[in-house]
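J.: This is upload-v8.txt, which holds compact mmCIF, C-alpha atoms:
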```txt
# COMPACT_ATOMS: atom_id res chain seq x y z
CA MET A 1 24.60 -0.38 -21.70
CA LEU A 2 21.68 1.20 -23.52
CA THR A 3 21.05 0.61 -27.19
CA ARG A 4 20.44 3.43 -29.66
CA GLU A 5 16.76 2.54 -29.72
CA GLU A 6 16.55 2.62 -25.93
CA LEU A 7 18.25 6.02 -25.83
CA THR A 8 15.51 7.30 -28.12
CA ARG A 9 12.65 5.48 -26.44
CA TYR A 10 13.53 6.80 -22.99
CA SER A 11 14.97 10.15 -24.10
CA ARG A 12 12.35 12.25 -22.30
CA GLN A 13 12.97 10.65 -18.92
CA ILE A 14 16.74 10.52 -19.42
CA MET A 15 16.45 14.33 -19.66
CA ILE A 16 15.20 14.56 -16.07
CA GLU A 17 17.83 16.08 -13.79
CA GLY A 18 19.62 13.37 -11.83
CA PHE A 19 18.12 10.58 -13.96
CA GLY A 20 20.34 10.40 -17.04
CA GLU A 21 21.54 7.36 -18.94
CA GLU A 22 22.85 5.91 -15.68
CA GLY A 23 19.39 5.98 -14.15
CA GLN A 24 17.94 4.36 -17.23
CA ALA A 25 20.60 1.67 -17.16
CA ARG A 26 19.69 0.96 -13.53
CA LEU A 27 16.04 0.53 -14.50
CA LYS A 28 17.10 -1.88 -17.23
CA GLU A 29 19.05 -3.98 -14.73
CA ALA A 30 16.27 -3.98 -12.14
CA LYS A 31 14.12 -7.00 -11.33
CA VAL A 32 10.78 -6.11 -9.77
CA VAL A 33 8.02 -8.31 -8.36
CA VAL A 34 4.52 -6.93 -8.77
CA ALA A 35 2.37 -8.99 -6.40
CA GLY A 36 -1.11 -8.81 -7.92
CA ALA A 37 -2.42 -8.00 -11.40
CA GLY A 38 -5.64 -6.25 -10.37
CA GLY A 39 -6.57 -2.63 -9.70
CA LEU A 40 -3.21 -1.60 -8.28
CA GLY A 41 -1.10 -4.09 -10.22
CA SER A 42 -2.40 -2.86 -13.58
CA PRO A 43 -1.07 0.73 -13.44
CA ILE A 44 2.02 -0.31 -11.49
CA ALA A 45 3.07 -2.91 -14.06
CA LEU A 46 2.09 -0.75 -17.05
CA TYR A 47 4.10 2.26 -15.92
CA LEU A 48 7.08 0.21 -14.79
CA ALA A 49 7.11 -1.56 -18.15
CA ALA A 50 6.80 1.73 -20.03
CA ALA A 51 9.64 3.19 -17.95
CA GLY A 52 11.94 0.34 -18.98
CA ILE A 53 12.28 -1.85 -15.87
CA GLY A 54 14.34 -4.80 -17.13
CA THR A 55 12.42 -7.68 -15.57
CA ILE A 56 8.92 -7.61 -14.11
CA ARG A 57 7.47 -10.67 -12.43
CA VAL A 58 3.69 -10.42 -12.14
CA ILE A 59 2.05 -12.86 -9.75
CA ASP A 60 -1.70 -13.44 -9.59
CA LYS A 61 -3.73 -16.60 -9.15
CA ASP A 62 -7.07 -15.27 -10.44
CA LYS A 63 -8.92 -15.29 -13.74
CA VAL A 64 -10.38 -12.15 -15.31
CA GLU A 65 -14.03 -11.46 -14.42
CA LEU A 66 -16.46 -8.91 -15.81
CA SER A 67 -16.59 -7.11 -12.45
CA ASN A 68 -12.82 -6.50 -12.65
CA LEU A 69 -12.98 -4.33 -15.75
CA ASN A 70 -13.95 -1.04 -14.08
CA ARG A 71 -10.47 -0.75 -12.60
CA GLN A 72 -8.10 -3.51 -13.74
CA ILE A 73 -7.05 -1.82 -16.94
CA LEU A 74 -4.64 -4.54 -18.02
CA HIS A 75 -7.68 -6.72 -18.69
CA TRP A 76 -10.29 -6.19 -21.38
CA ASP A 77 -13.59 -7.80 -22.38
CA GLU A 78 -11.79 -10.26 -24.62
CA ASN A 79 -9.81 -11.55 -21.61
CA ILE A 80 -12.74 -12.60 -19.45
CA GLY A 81 -12.11 -16.14 -18.26
CA GLN A 82 -8.37 -16.03 -18.98
CA ARG A 83 -5.66 -16.06 -16.34
CA LYS A 84 -4.87 -12.51 -15.27
CA THR A 85 -1.19 -13.29 -15.66
CA SER A 86 -1.76 -14.29 -19.29
CA SER A 87 -3.78 -11.17 -20.03
CA ALA A 88 -1.31 -8.93 -18.18
CA GLY A 89 1.73 -10.51 -19.78
CA ASP A 90 0.29 -9.99 -23.24
CA LYS A 91 -0.42 -6.25 -22.70
CA LEU A 92 2.87 -5.57 -20.95
CA ARG A 93 4.89 -7.19 -23.73
CA ARG A 94 2.96 -5.08 -26.24
CA ILE A 95 3.58 -1.82 -24.39
CA ASN A 96 7.33 -2.51 -24.22
CA LYS A 97 8.82 -5.45 -26.10
CA ASP A 98 12.21 -4.98 -24.42
CA VAL A 99 10.95 -5.70 -20.93
CA LYS A 100 11.16 -9.29 -19.75
CA ILE A 101 7.78 -10.22 -18.30
CA GLU A 102 7.47 -13.25 -16.07
CA ALA A 103 3.81 -13.99 -15.41
CA ILE A 104 3.20 -16.50 -12.65
CA ALA A 105 -0.31 -17.80 -11.96
CA GLU A 106 0.14 -18.87 -8.37
CA SER A 107 -1.31 -18.01 -5.02
CA ILE A 108 1.27 -16.34 -2.79
CA ALA A 109 1.59 -18.39 0.37
CA ASP A 110 4.00 -19.26 3.17
CA ASN A 111 5.40 -22.21 1.27
CA ASN A 112 6.26 -20.38 -1.98
CA VAL A 113 6.72 -16.69 -1.19
CA SER A 114 10.47 -16.95 -0.75
CA GLN A 115 10.91 -18.80 -4.03
CA LEU A 116 8.56 -16.42 -5.88
CA THR A 117 10.66 -13.43 -4.86
CA ASP A 118 14.12 -15.02 -5.03
CA GLY A 119 16.62 -13.04 -7.08
CA PHE A 120 14.41 -9.95 -7.27
CA ASP A 121 15.42 -6.48 -6.09
CA LEU A 122 12.14 -5.25 -4.68
CA ILE A 123 8.50 -6.15 -4.11
CA VAL A 124 5.50 -4.00 -4.96
CA ASP A 125 2.32 -4.64 -3.00
CA ALA A 126 -0.70 -4.83 -5.29
CA MET A 127 -2.67 -7.26 -3.16
CA ASP A 128 -6.26 -7.02 -1.95
CA ASN A 129 -5.90 -8.42 1.55
CA LEU A 130 -3.82 -7.82 4.66
CA PRO A 131 -2.56 -11.36 5.37
CA THR A 132 -0.79 -11.66 1.99
CA ARG A 133 0.50 -8.09 2.26
CA LEU A 134 2.01 -8.94 5.64
CA LEU A 135 3.52 -12.15 4.25
CA LEU A 136 5.20 -10.14 1.49
CA ASN A 137 6.33 -7.51 4.00
CA LYS A 138 7.88 -10.19 6.19
CA THR A 139 9.60 -11.70 3.17
CA ALA A 140 10.93 -8.31 2.06
CA VAL A 141 12.26 -7.61 5.56
CA GLY A 142 13.83 -11.08 5.71
CA LYS A 143 15.50 -10.65 2.31
CA ASN A 144 16.39 -7.02 3.07
CA ILE A 145 14.74 -5.73 -0.09
CA PRO A 146 12.37 -2.73 -0.22
CA PHE A 147 8.62 -3.10 -0.16
CA PHE A 148 6.20 -0.62 -1.70
CA HIS A 149 2.79 -0.64 -0.03
CA GLY A 150 -0.44 0.66 -1.49
CA ALA A 151 -4.11 0.09 -0.65
CA VAL A 152 -7.44 1.51 -1.78
CA SER A 153 -11.08 1.71 -0.80
CA GLY A 154 -13.68 3.68 -2.72
CA PHE A 155 -12.15 7.06 -3.53
CA GLU A 156 -9.53 6.69 -0.80
CA GLY A 157 -5.99 5.38 -0.97
CA ARG A 158 -2.84 4.94 1.09
CA ALA A 159 0.79 4.39 0.27
CA MET A 160 4.04 3.88 2.15
CA THR A 161 7.53 2.74 1.19
CA VAL A 162 9.45 0.33 3.40
CA ILE A 163 13.24 0.08 3.53
CA PRO A 164 13.74 -2.94 5.80
CA ARG A 165 15.32 -2.34 9.19
CA GLN A 166 15.71 1.35 8.38
CA THR A 167 12.12 2.57 8.19
CA ALA A 168 8.73 1.55 9.55
CA CYS A 169 7.38 -1.60 7.90
CA LEU A 170 3.84 -2.72 7.17
CA LYS A 171 3.70 -4.76 10.37
CA CYS A 172 4.63 -1.62 12.34
CA LEU A 173 1.64 -0.03 10.63
CA TYR A 174 -0.77 -2.96 11.04
CA PRO A 175 0.23 -4.83 14.19
CA GLY A 176 -3.14 -6.59 14.30
CA ASP A 177 -4.61 -9.00 11.80
CA ILE A 178 -7.65 -7.99 9.79
CA PRO A 179 -9.24 -10.59 7.47
CA ALA A 180 -9.88 -10.05 3.78
CA GLN A 181 -13.03 -8.13 2.85
CA LYS A 182 -14.63 -7.21 -0.46
CA THR A 183 -13.82 -3.53 -0.94
CA PRO A 184 -15.70 -0.94 -2.99
CA VAL A 185 -13.44 0.81 -5.49
CA ILE A 186 -13.50 2.95 -8.62
CA GLY A 187 -10.65 2.61 -11.11
CA VAL A 188 -9.21 6.10 -10.75
CA THR A 189 -8.24 5.42 -7.13
CA PRO A 190 -5.88 2.46 -7.72
CA ALA A 191 -4.65 4.35 -10.79
CA ILE A 192 -3.43 7.18 -8.57
CA ILE A 193 -2.10 5.00 -5.76
CA GLY A 194 -0.51 2.53 -8.19
CA CYS A 195 1.25 5.40 -9.96
CA ILE A 196 2.53 6.67 -6.60
CA GLN A 197 3.93 3.20 -5.90
CA ALA A 198 5.50 3.03 -9.37
CA THR A 199 7.00 6.50 -8.82
CA GLU A 200 8.56 5.29 -5.59
CA VAL A 201 10.00 2.22 -7.33
CA ILE A 202 11.58 4.35 -10.05
CA LYS A 203 12.96 6.81 -7.49
CA TYR A 204 14.42 4.00 -5.40
CA ILE A 205 16.12 2.32 -8.36
CA THR A 206 17.49 5.53 -9.87
CA GLY A 207 18.41 6.98 -6.47
CA ILE A 208 16.74 10.34 -6.98
CA GLY A 209 14.30 12.21 -4.77
CA HIS A 210 13.04 11.43 -1.29
CA LEU A 211 11.14 8.24 -0.59
CA LEU A 212 7.76 7.91 1.11
CA THR A 213 9.34 6.27 4.13
CA ASN A 214 8.19 6.64 7.73
CA ARG A 215 5.17 8.43 6.31
CA LEU A 216 1.74 7.08 5.47
CA LEU A 217 0.28 9.03 2.58
CA PHE A 218 -3.48 9.51 2.44
CA TYR A 219 -5.37 10.29 -0.73
CA ASN A 220 -9.00 11.32 -0.54
CA GLY A 221 -10.42 11.69 -4.03
CA LEU A 222 -13.82 12.90 -2.92
CA GLU A 223 -12.36 15.87 -1.06
CA MET A 224 -9.31 15.95 -3.37
CA VAL A 225 -6.96 16.10 -0.41
CA PHE A 226 -3.56 14.54 0.15
CA ASP A 227 -2.42 14.22 3.75
CA GLU A 228 0.26 12.27 5.57
CA ILE A 229 1.18 11.21 9.06
CA GLU A 230 4.49 10.12 10.47
CA VAL A 231 4.92 6.42 11.22
CA LYS A 232 7.85 5.30 13.33
CA ARG A 233 9.37 1.84 13.59
CA ASN A 234 7.91 -0.31 16.30
CA PRO A 235 10.86 -1.57 18.36
CA ASN A 236 8.77 -4.66 19.19
CA CYS A 237 7.59 -5.22 15.62
CA GLN A 238 7.21 -8.93 14.86
CA HIS A 239 8.79 -8.41 11.43
CA CYS A 240 11.47 -5.75 11.82
CA GLY A 241 11.69 -5.11 15.57
CA THR A 242 14.99 -4.47 17.28
CA ASP A 243 14.03 -5.45 20.84
CA MET B 1 -9.88 13.08 30.84
CA SER B 2 -10.69 15.35 27.94
CA VAL B 3 -8.91 14.27 24.78
CA LYS B 4 -9.09 15.25 21.11
CA ILE B 5 -9.19 12.64 18.33
CA LYS B 6 -7.78 13.81 15.01
CA LEU B 7 -8.80 11.96 11.84
CA PRO B 8 -6.44 12.94 8.97
CA GLY B 9 -7.26 13.12 5.30
CA LYS B 10 -10.92 14.17 5.67
CA ILE B 11 -11.70 10.48 5.23
CA PHE B 12 -14.50 10.23 7.75
CA HIS B 13 -16.21 13.54 7.08
CA LYS B 14 -19.46 11.90 6.15
CA TYR B 15 -19.58 10.09 9.51
CA THR B 16 -18.45 13.02 11.69
CA ASN B 17 -20.47 15.93 10.30
CA GLY B 18 -17.35 17.19 8.55
CA GLN B 19 -15.23 17.31 11.69
CA ASP B 20 -11.55 16.27 11.68
CA LEU B 21 -10.88 17.05 15.34
CA ILE B 22 -13.33 15.57 17.82
CA LYS B 23 -13.43 16.15 21.56
CA VAL B 24 -13.97 12.94 23.54
CA GLU B 25 -13.84 11.84 27.18
CA GLY B 26 -12.02 8.80 28.56
CA ASP B 27 -9.07 7.48 30.55
CA THR B 28 -8.07 4.86 28.00
CA LEU B 29 -7.96 4.59 24.23
CA GLY B 30 -10.95 2.22 24.34
CA GLU B 31 -13.04 4.67 26.37
CA CYS B 32 -12.15 7.51 24.01
CA LEU B 33 -13.05 5.40 20.98
CA ASN B 34 -16.35 4.39 22.55
CA ASP B 35 -17.11 8.08 23.17
CA LEU B 36 -16.26 8.79 19.53
CA ILE B 37 -18.70 6.05 18.46
CA ARG B 38 -21.34 7.34 20.90
CA GLN B 39 -21.14 10.74 19.21
CA PHE B 40 -20.81 9.35 15.68
CA PRO B 41 -22.26 5.83 15.45
CA GLY B 42 -21.25 5.56 11.79
CA MET B 43 -17.62 5.28 12.91
CA ARG B 44 -18.12 1.91 14.63
CA PRO B 45 -17.35 -0.35 11.65
CA TRP B 46 -14.22 1.71 10.94
CA VAL B 47 -12.95 1.40 14.51
CA PHE B 48 -13.76 -2.21 15.32
CA HIS B 49 -13.88 -5.41 13.28
CA ARG B 50 -16.24 -8.06 14.59
CA GLN B 51 -14.71 -11.53 14.19
CA ASP B 52 -16.76 -14.66 13.54
CA SER B 53 -16.32 -15.50 17.23
CA GLY B 54 -18.12 -12.26 18.12
CA GLN B 55 -14.96 -10.74 19.56
CA GLU B 56 -14.21 -7.21 18.33
CA ILE B 57 -10.69 -6.23 17.37
CA LEU B 58 -9.35 -2.75 16.72
CA LYS B 59 -9.09 -1.79 13.06
CA ILE B 60 -6.80 1.10 13.90
CA ALA B 61 -3.63 1.02 11.87
CA VAL B 62 -1.70 3.96 13.23
CA LEU B 63 -1.94 5.71 16.54
CA LEU B 64 -0.08 8.90 17.33
CA VAL B 65 -0.38 10.63 20.66
CA ASN B 66 0.66 14.28 20.44
CA GLY B 67 2.32 13.50 17.10
CA LYS B 68 4.42 10.56 18.32
CA SER B 69 3.94 6.88 17.44
CA VAL B 70 2.70 4.70 20.29
CA TYR B 71 3.61 0.99 20.46
CA PRO B 72 1.99 -1.19 21.47
CA PHE B 73 -1.53 0.11 21.74
CA ASN B 74 -4.85 -1.48 22.58
CA THR B 75 -8.12 -0.48 24.18
CA GLU B 76 -6.36 -0.31 27.58
CA THR B 77 -3.71 2.17 26.44
CA PRO B 78 -3.95 5.10 28.87
CA VAL B 79 -4.44 8.70 27.74
CA LYS B 80 -3.85 11.95 29.58
CA ASP B 81 -5.92 15.07 29.84
CA GLY B 82 -5.25 17.32 26.85
CA ASP B 83 -3.76 14.58 24.64
CA GLU B 84 -4.35 14.80 20.93
CA ILE B 85 -4.76 11.33 19.43
CA THR B 86 -4.26 10.95 15.69
CA LEU B 87 -5.55 7.70 14.33
CA THR B 88 -6.44 6.02 11.11
CA MET B 89 -8.04 2.75 10.25
CA ALA B 90 -7.02 -0.01 7.88
CA ILE B 91 -8.07 0.00 4.26
CA LEU B 92 -7.06 -3.05 2.34
CA GLY B 93 -8.42 -3.08 -1.20
CA GLY B 94 -6.23 -3.47 -4.24
```
Please, can you express the file's structure as structure tokens?
T.:
Amino acid sequence: MLTREELTRYSRQIMIEGFGEEGQARLKEAKVVVAGAGGLGSPIALYLAAAGIGTIRVIDKDKVELSNLNRQILHWDENIGQRKTSSAGDKLRRINKDVKIEAIAESIADNNVSQLTDGFDLIVDAMDNLPTRLLLNKTAVGKNIPFFHGAVSGFEGRAMTVIPRQTACLKCLYPGDIPAQKTPVIGVTPAIIGCIQATEVIKYITGIGHLLTNRLLFYNGLEMVFDEIEVKRNPNCQHCGTD
Amino acid sequence: MSVKIKLPGKIFHKYTNGQDLIKVEGDTLGECLNDLIRQFPGMRPWVFHRQDSGQEILKIAVLLVNGKSVYPFNTETPVKDGDEITLTMAILGG
């Protein structure tokens, strides 16, 4: 049930065809994990909070550094040295006081990933390395909850939505294992990819539109080109395979 | 075998003289990739990742042959004359 204030606050998106008060109520009920409060996590969490997602759990183990500020727009000069979860939680509560923000300063690992995502409806990938992304993908597949992948490098980005056991998962996409590397990036790139991920989350929860499933979306900011290729499920996938 | 490698999204333009569709020769994926690197050496770090052990592993994330997903794939995966291979490499920043 939406309050009078919520009906006013979200009136412009409630007007969208197929969205309505029912869609807004679904957002209010939703519980979303945003794994990472950096370049991708900042726009994802900001736009999900502004849209009225009921509960957002932001997980990040790091502290804010000066070199983060070109892209991690949840964090400002005054936050350098603070936990990213503290800085993010503060901004997100200020952008929408009605959203419940759970900020958890932990490293996502084998021994806690299940607990960190327990009771949540979906997981958004805002990580900066493949091993943790794959751990979250495996967890999402195991819990049968959707996973929203995004990644960036320089002016380039990728995104794909995973509906477990129905569409290709991240392990279908990356069957190998590639270690973490420091990646060049300018803030506008995770802004665009993060907003695509947030769009997918909102579409999934409200049930409108067509999801970015079985398709890997490419964004090339230097050429200003969007492209996509089809990705099919790997029947022998270690995470979601059927064979 | 004469094969074409398609690189979507204009991502590697600066390494391939602006080409998205590159003609290569080889009987396996590995041979085709090595021919791609021979023509465009700047592609090497995007195709292979050198591990601390010195072993190189493929950085390719997606491989389509004639528009269809291929699983599993590795450097020994065979290709046929006239195949069009679409591939893209991992990017992992956040």
J.: When the cut-off is 7 Å and we count only C-alpha atoms, which residues of chain A are near chain B, given as number ranges by chain?
T.: A: 38-40, 126-130, 151-153, 173-174, 183, 190, 218-220, 225-227, 231-232, 234
J.: I need the residue nearest Arg94 of chain A from this list: A:Glu17, A:Leu134, A:Leu46, A:Leu122. Use all atoms listed in the file for the distance.
T.: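 Of A:Glu17, A:Leu134, A:Leu46, A:Leu122, the one nearest Arg94 of chain A is A:Leu46, counting all atoms listed in the file.
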J.: Got a sec to check which residues sit within 9 Å of (9.2, -1.4, -7.5), counting all atoms listed in the file, and write them as a list in words?
T.: Ala30, Lys31, Val32, Val33, Val34, Ile44, Leu48, Ile53, Asp121, Leu122, Ile123, Val124, Asp125, Pro146, Phe147, Phe148, Gln197, Ala198, Thr199, Glu200, Val201, Ile202, Tyr204 and Ile205 of chain A
J.: Give me, as a ChimeraX atom specification, all polymer residues having an atom no more than 9 Å from Leu29 of chain B, counting all atoms listed in the file and skipping those fewer than 3 positions away in the same chain.
T.: /B:26,32-34,73-79,85
J.: Distance atom CA of Val24 of chain B-atom CA of Pro175 of chain A, one decimal place?
T.: 24.6 Å
J.: Which residues come within 9 Å of Cys237 of chain A, counting all atoms listed in the file, excluding same-chain residues fewer than 4 positions away, as a PyMOL selection string?
T.: (chain A and resi 169+171-172+175+233+241-243) or (chain B and resi 71)
J.: Here is a test: counting all atoms listed in the file, which residue of B:Asp83, B:Leu7, B:Phe12, B:Gln19 is nearest to Val65 of chain B?
T.: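 Ranking B:Asp83, B:Leu7, B:Phe12, B:Gln19 by distance to Val65 of chain B, first place goes to B:Asp83.
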J.: Once 6 Å is added on each side, what are the centre and the three edge lengths, in Å to one decimal, of the axis-aligned box enclosing the listed atoms of segment 100-107 of chain A? Present them as AutoDock Vina command-line options.
T.:
```
--center_x 4.9 --center_y -14.1 --center_z -12.4 --size_x 24.5 --size_y 21.6 --size_z 26.7
```
